[in-house]
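All remarks here apply to the structure that follows.
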Amino acid sequence: MSAETLRVATWTVELMRKGPGLLLRDILDGDDPQVLAAQAHIRVLSPDILLLTGFDTDLDGHTMTAFAEALDYPYLFTRPGNSGRPTGRDLDKDGRLGEPEDAQSYGEFTGQGGMALLSRLPIVAGGIHDFSDLLWRDLPGANLPQGYFDAEDLGVLRLSSHAHWDIPVLWHDQPLHLLAYTATSPVFDGPEDRNGRRNSDETRFWSLYLDGALEASPPDGPFVVLGDSNLDPMDGDGDRAEMQHLLADPRLQDPRSRATSNAPVANPGQRGDPAMDTADWTDPLPGNLRVDYVLPSADLAIVASGIAWPEVNLKKNDFRHGLVWVDIAAIP
């Protein structure tokens with residue numbers, strides 16, 4: 001890469017543990033194979049900006065800071081998201097309160113499987129917009145499951161299963177907005193399709209934001225949408241048309257990143273190009289899907305892109321996602 005090129009990446013790293021503080025313990029111990037392999041993979045790809053999803057977070061960012069100490073990232077940002085955050089409501093309607101299924105989204109503690117941003121570019125802290133407390137019912141045209149949630153549920157239930165962030169970083173002395181998110185899985189529900197509907201709205205959020213349909217003003221300069229939508233435009237469950245709609249938005253570009261090695265093998269009956277799949281789940285369901293994205297705005301030049309799969313699989317279900325990267329340059 002030249003000095004004028006910026007590598008932006010996202011990776012659903014799945015550094016998740018069963019309780020708060022356990023990932024931090026494993027990082028500080030310095031000998032956890034999964035942590036060390038993740039750090040080694042990041043060093044090889046060396047993105048200038050990296051959004052980690054599926055990463056346990058804490059209130060003060062200690063886990064993120066400890067992980068980043070072994071890497072070259074002076075600027076960091078995280079906040080505990082909505083996974084595992086208590087609601088006080090029986091959201092799965094099983095007559096019991098306080099279960100992981102009753103949180104804002106499934107989680108055994110607040111911040112489990114959250115997001116963290118690692119950057120070599122300065123973060124404009126005063127320009128950050130965190131939309132994670134937006135109630136789902138308040139999203140324009142919210143696709144709520146009819147008859148499932150009552151008014152009290154909807155008075156606390158947020159749109160973001162994890163988080164929606166607009167984080168500006170300084171690039172060529174101008175802000176580059178990182179529109180980061182992780183959406184819920186569109187499965188693990190019932191005929192009301194509450195997870196599928198929420199997943200669709202979590203991706204639709206960005207179209208509404210760019211339209212100026214929300215209270216916050218959209219970016220007036222270059223941006224990158226990145227993260228784990230849990231939604232494939234061609235295969236799998238969920239509202240695939242919503243992902244297709246975002247990818248076709250003329251305000252952004254789809255690099256159609258492809259794996260250069262270790263690409264998953266296509267599942268029978270799937271229509272998508274397996275080299276573009278970013279998640280390799282246990283067959284037969286859901287199989288391999290394209291769910292992780294880096295989508296630069298149309299006013300940026302795409303220099304190169306790819307999906308980097310870790311070379312090693314330490315044990316079953318470690319590193320089921322590839323790291324998606326895009327090299328961008330400013331258009332003169």
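Ordering of the structure tokens sets the chain letters (A, B, ...), residue numbers begin anew at 1 in every chain, and ligands are numbered from 1 in the order given.
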Listing only residues of stretch 85-122 of chain A within 12 Å of stretch 184-208 of chain A, what is the closest atom pair and its distance in Å (to one decimal) for each, using only C-alpha atoms, sorted by chain and residue number ascending, as a Markdown table?
| residue | atom | partner | partner_atom | distance |
| --- | --- | --- | --- | --- |
| A:Leu91 | CA | A:Arg194 | CA | 10.2 |
| A:Asp92 | CA | A:Asp189 | CA | 8.5 |
| A:Lys93 | CA | A:Gly190 | CA | 11.1 |
| A:Glu101 | CA | A:Phe188 | CA | 10.2 |
| A:Gln104 | CA | A:Thr184 | CA | 10.5 |
| A:Ser105 | CA | A:Thr184 | CA | 7.5 |
| A:Tyr106 | CA | A:Thr184 | CA | 8.7 |
| A:Gly107 | CA | A:Thr184 | CA | 11.3 |
| A:Gly113 | CA | A:Thr184 | CA | 11.1 |
| A:Gly114 | CA | A:Thr184 | CA | 11.4 |
**Prompt:** Which parts of stretch 116-201 of chain A does DSSP call helix (DSSP H, G or I) when run on the backbone here, written out as a PyMOL selection string?
**Reply:** chain A and resi 125-127+136-138+151-154+194-201
**Pick from A:Gln270, A:Gln146, A:Asn82, A:Gln112, whichever lies nearest to A:Leu23 using only C-alpha atoms** = A:Gln112
**Pick from A:Leu252, A:Ile128, A:Val303, A:Ala330 nearest to A:Trp171, counting only C-alpha atoms** = A:Ala330
**Request:** Between A:Asp102, A:Asp254, A:Asp277, A:Asp292, single out the one closest to A:Asp235, counting only C-alpha atoms.
**Result:**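 The shortest atom-to-atom distance to A:Asp235 comes from A:Asp277.
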**Prompt:** Leaving out stretch 98-100 of chain A and any residue of its chain fewer than 6 positions from it, which residues lie within 10 Å of it when counting only C-alpha atoms, given as JSON, numbers by chain?
**Reply:** {"A": [83, 84, 85, 86, 87, 88, 89, 90, 91, 92, 106, 107, 108, 109, 110]}
**Asked** From the set A:Ala151, A:Val8, A:Leu15, A:Val44, which residue has the shortest atom-to-atom contact distance to A:Phe223, counting only C-alpha atoms?
**Response**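 With only C-alpha atoms as the atom set, the closest residue is A:Val8.
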**7 Å contact set for A:Thr10, only C-alpha atoms, chain neighbours under 3 positions out, as a VMD selection string** = chain A and resid 50 to 52 226 to 227 294 323 to 325
**Request:** Any chance you could list, as JSON, numbers by chain, the residues in stretch 44-289 of chain A that come up strand (DSSP E) when DSSP is run on the backbone?
**Result:** {"A": [49, 50, 51, 52, 53, 54, 55, 75, 76, 77, 114, 115, 116, 117, 118, 119, 129, 130, 163, 164, 165, 166, 167, 168, 169, 170, 171, 174, 175, 176, 177, 178, 179, 180, 181, 182, 223, 224, 225, 226, 227, 228, 279, 280, 288, 289]}
**Request:** Fewer than 3 positions away in the same chain doesn't count, so skip those; otherwise give me all residues within 12 Å of A:Ala259, counting only C-alpha atoms, as a list in words.
**Result:**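 Residues meeting the cut-off are Arg256, Asn262, Ala263, Pro264, Val265, Asp273, Pro274, Ala275, Met276, Asp277, Thr278, Ala279, Arg290, Ser305, Gly306, Ile307, Ala308, Trp309, Pro310, His321, Gly322, Leu323, Val324 and Trp325 of chain A.
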Hey, which bits of stretch 158-218 of chain A sit within 10 Å of stretch 53-56 of chain A, and for each residue what's the closest pair of atoms and how far apart in Å (one decimal), counting only C-alpha atoms, rows by chain and increasing number, as JSON lines?
{"residue": "A:His162", "atom": "CA", "partner": "A:Thr53", "partner_atom": "CA", "distance": 9.4}
{"residue": "A:Ala180", "atom": "CA", "partner": "A:Thr53", "partner_atom": "CA", "distance": 9.6}
{"residue": "A:Tyr181", "atom": "CA", "partner": "A:Thr53", "partner_atom": "CA", "distance": 8.4}
{"residue": "A:Thr182", "atom": "CA", "partner": "A:Thr53", "partner_atom": "CA", "distance": 7.0}
Write the residues of the preceding selection, restricted to all heavy atoms, as an mmCIF file, in the first residue's frame.
data_model
loop_
_atom_site.group_PDB
_atom_site.id
_atom_site.type_symbol
_atom_site.label_atom_id
_atom_site.label_comp_id
_atom_site.auth_asym_id
_atom_site.auth_seq_id
_atom_site.Cartn_x
_atom_site.Cartn_y
_atom_site.Cartn_z
ATOM 1 N N HIS A 162 -26.711 -4.810 19.010
ATOM 2 C CA HIS A 162 -25.400 -4.523 19.591
ATOM 3 C C HIS A 162 -25.179 -3.009 19.614
ATOM 4 O O HIS A 162 -25.220 -2.401 20.661
ATOM 5 C CB HIS A 162 -24.297 -5.233 18.805
ATOM 6 C CG HIS A 162 -24.368 -6.723 18.926
ATOM 7 N ND1 HIS A 162 -23.755 -7.418 19.945
ATOM 8 C CD2 HIS A 162 -25.006 -7.654 18.170
ATOM 9 C CE1 HIS A 162 -23.998 -8.708 19.816
ATOM 10 N NE2 HIS A 162 -24.750 -8.880 18.746
ATOM 11 N N ALA A 180 -20.586 1.996 11.678
ATOM 12 C CA ALA A 180 -20.292 0.653 12.170
ATOM 13 C C ALA A 180 -21.504 0.045 12.872
ATOM 14 O O ALA A 180 -22.206 0.736 13.613
ATOM 15 C CB ALA A 180 -19.110 0.709 13.138
ATOM 16 N N TYR A 181 -21.697 -1.251 12.636
ATOM 17 C CA TYR A 181 -22.798 -1.923 13.332
ATOM 18 C C TYR A 181 -22.622 -3.434 13.316
ATOM 19 O O TYR A 181 -21.825 -3.994 12.570
ATOM 20 C CB TYR A 181 -24.148 -1.556 12.720
ATOM 21 C CG TYR A 181 -24.553 -2.262 11.429
ATOM 22 C CD1 TYR A 181 -25.769 -2.947 11.355
ATOM 23 C CD2 TYR A 181 -23.774 -2.210 10.277
ATOM 24 C CE1 TYR A 181 -26.185 -3.559 10.172
ATOM 25 C CE2 TYR A 181 -24.184 -2.811 9.100
ATOM 26 C CZ TYR A 181 -25.386 -3.494 9.050
ATOM 27 O OH TYR A 181 -25.792 -4.103 7.874
ATOM 28 N N THR A 182 -23.379 -4.079 14.184
ATOM 29 C CA THR A 182 -23.572 -5.526 14.179
ATOM 30 C C THR A 182 -25.053 -5.770 14.367
ATOM 31 O O THR A 182 -25.667 -5.212 15.278
ATOM 32 C CB THR A 182 -22.804 -6.206 15.325
ATOM 33 O OG1 THR A 182 -21.422 -5.891 15.232
ATOM 34 C CG2 THR A 182 -22.972 -7.713 15.264
#
Residues within 10 Å of A:Pro219, only C-alpha atoms, excluding chain neighbours under 2 positions, as a CSV table (one decimal) with all heavy atoms, in the first residue's frame:
chain,number,residue,atom,x,y,z
A,166,ASP,N,-21.6,6.1,14.4
A,166,ASP,CA,-21.0,6.9,13.3
A,166,ASP,C,-19.7,7.5,14.0
A,166,ASP,O,-19.8,8.4,14.8
A,166,ASP,CB,-21.9,8.0,12.8
A,166,ASP,CG,-21.3,9.0,11.8
A,166,ASP,OD1,-20.0,8.9,11.7
A,166,ASP,OD2,-22.0,9.8,11.2
A,168,PRO,N,-16.2,9.5,13.3
A,168,PRO,CA,-15.3,10.1,12.3
A,168,PRO,C,-13.9,10.0,12.7
A,168,PRO,O,-13.5,10.1,13.9
A,168,PRO,CB,-15.8,11.6,12.4
A,168,PRO,CG,-16.4,11.7,13.7
A,168,PRO,CD,-16.9,10.4,14.2
A,175,PRO,N,-12.7,14.6,7.9
A,175,PRO,CA,-13.3,13.5,8.6
A,175,PRO,C,-13.7,12.4,7.6
A,175,PRO,O,-14.3,12.7,6.5
A,175,PRO,CB,-14.6,14.1,9.3
A,175,PRO,CG,-14.9,15.3,8.6
A,175,PRO,CD,-13.6,15.8,8.0
A,176,LEU,N,-13.4,11.2,7.9
A,176,LEU,CA,-13.9,10.0,7.2
A,176,LEU,C,-14.8,9.3,8.2
A,176,LEU,O,-14.4,8.9,9.3
A,176,LEU,CB,-12.8,9.1,6.8
A,176,LEU,CG,-13.2,7.7,6.3
A,176,LEU,CD1,-13.9,7.8,4.9
A,176,LEU,CD2,-12.0,6.8,6.2
A,177,HIS,N,-16.1,9.2,7.9
A,177,HIS,CA,-17.1,8.6,8.8
A,177,HIS,C,-17.2,7.1,8.7
A,177,HIS,O,-17.4,6.6,7.6
A,177,HIS,CB,-18.5,9.2,8.6
A,177,HIS,CG,-18.6,10.7,9.0
A,177,HIS,ND1,-19.1,11.1,10.1
A,177,HIS,CD2,-18.1,11.8,8.3
A,177,HIS,CE1,-19.0,12.4,10.2
A,177,HIS,NE2,-18.4,12.9,9.1
A,178,LEU,N,-17.0,6.4,9.9
A,178,LEU,CA,-17.1,5.0,9.9
A,178,LEU,C,-18.5,4.6,10.5
A,178,LEU,O,-18.8,4.9,11.6
A,178,LEU,CB,-16.0,4.4,10.8
A,178,LEU,CG,-14.6,4.8,10.4
A,178,LEU,CD1,-13.6,4.3,11.5
A,178,LEU,CD2,-14.2,4.3,9.0
A,179,LEU,N,-19.3,4.1,9.6
A,179,LEU,CA,-20.7,3.7,10.0
A,179,LEU,C,-20.7,2.3,10.4
A,179,LEU,O,-20.8,1.4,9.5
A,179,LEU,CB,-21.7,4.0,8.9
A,179,LEU,CG,-21.6,5.5,8.3
A,179,LEU,CD1,-22.7,5.7,7.3
A,179,LEU,CD2,-21.6,6.5,9.4
A,209,TYR,N,-30.5,6.8,7.6
A,209,TYR,CA,-29.6,7.8,8.1
A,209,TYR,C,-29.0,8.6,7.0
A,209,TYR,O,-29.0,9.9,7.0
A,209,TYR,CB,-28.4,7.1,8.9
A,209,TYR,CG,-27.4,8.0,9.5
A,209,TYR,CD1,-27.7,9.1,10.2
A,209,TYR,CD2,-26.0,7.7,9.4
A,209,TYR,CE1,-26.8,10.0,10.8
A,209,TYR,CE2,-25.1,8.5,10.0
A,209,TYR,CZ,-25.4,9.6,10.7
A,209,TYR,OH,-24.5,10.4,11.2
A,210,LEU,N,-28.6,8.0,5.9
A,210,LEU,CA,-28.1,8.7,4.7
A,210,LEU,C,-29.2,9.5,4.1
A,210,LEU,O,-28.9,10.6,3.4
A,210,LEU,CB,-27.5,7.7,3.8
A,210,LEU,CG,-26.3,6.9,4.3
A,210,LEU,CD1,-25.8,5.9,3.2
A,210,LEU,CD2,-25.1,7.9,4.6
A,212,GLY,N,-31.3,11.3,5.7
A,212,GLY,CA,-31.6,12.4,6.5
A,212,GLY,C,-32.9,12.2,7.2
A,212,GLY,O,-33.5,13.2,7.7
A,216,ALA,N,-30.3,12.9,13.7
A,216,ALA,CA,-28.9,13.3,13.5
A,216,ALA,C,-28.7,13.5,12.0
A,216,ALA,O,-29.3,12.8,11.1
A,216,ALA,CB,-28.0,12.3,14.0
A,217,SER,N,-27.9,14.5,11.7
A,217,SER,CA,-27.6,14.8,10.3
A,217,SER,C,-26.6,13.8,9.7
A,217,SER,O,-25.7,13.4,10.4
A,217,SER,CB,-26.9,16.2,10.1
A,217,SER,OG,-27.8,17.2,10.6
A,221,GLY,N,-19.5,14.1,4.0
A,221,GLY,CA,-18.3,13.8,3.3
A,221,GLY,C,-18.1,12.3,3.2
A,221,GLY,O,-19.1,11.6,3.3
A,222,PRO,N,-17.0,11.8,2.9
A,222,PRO,CA,-16.8,10.3,2.7
A,222,PRO,C,-17.1,9.5,3.9
A,222,PRO,O,-16.9,9.9,5.0
A,222,PRO,CB,-15.3,10.2,2.2
A,222,PRO,CG,-14.7,11.4,2.8
A,222,PRO,CD,-15.7,12.5,2.8
A,223,PHE,N,-17.6,8.3,3.6
A,223,PHE,CA,-17.9,7.4,4.7
A,223,PHE,C,-17.7,5.9,4.3
A,223,PHE,O,-17.5,5.7,3.1
A,223,PHE,CB,-19.4,7.6,5.2
A,223,PHE,CG,-20.4,7.2,4.1
A,223,PHE,CD1,-20.8,5.9,3.9
A,223,PHE,CD2,-20.9,8.2,3.3
A,223,PHE,CE1,-21.8,5.6,2.9
A,223,PHE,CE2,-21.8,7.9,2.3
A,223,PHE,CZ,-22.3,6.6,2.1
**Asked** Nearest to A:Arg251: which of A:Pro296, A:Pro286, A:Gly141, A:Gly111 is it, counting only C-alpha atoms?
**Response**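 Going through A:Pro296, A:Pro286, A:Gly141, A:Gly111 one by one, the smallest distance to A:Arg251 is for A:Pro296.
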Could you give me, as an mmCIF file with N, CA and C atoms, in the first residue's frame, the residues within 6 Å of A:Leu118, counting only C-alpha atoms and dropping anything in the same chain fewer than 6 positions from it?
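Wrote out-v2.cif, looks like this:
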data_model
loop_
_atom_site.group_PDB
_atom_site.id
_atom_site.type_symbol
_atom_site.label_atom_id
_atom_site.label_comp_id
_atom_site.auth_asym_id
_atom_site.auth_seq_id
_atom_site.Cartn_x
_atom_site.Cartn_y
_atom_site.Cartn_z
ATOM 1 N N ILE A 49 -7.580 0.720 9.854
ATOM 2 C CA ILE A 49 -8.796 0.819 10.659
ATOM 3 C C ILE A 49 -9.401 -0.572 10.726
ATOM 4 N N LEU A 50 -9.699 -1.027 11.926
ATOM 5 C CA LEU A 50 -10.244 -2.367 12.104
ATOM 6 C C LEU A 50 -11.410 -2.324 13.084
ATOM 7 N N TYR A 73 -2.048 0.219 17.274
ATOM 8 C CA TYR A 73 -3.249 1.042 17.141
ATOM 9 C C TYR A 73 -3.302 2.047 18.294
ATOM 10 N N LEU A 76 -8.417 4.148 19.978
ATOM 11 C CA LEU A 76 -9.357 3.063 20.266
ATOM 12 C C LEU A 76 -10.711 3.637 20.650
#
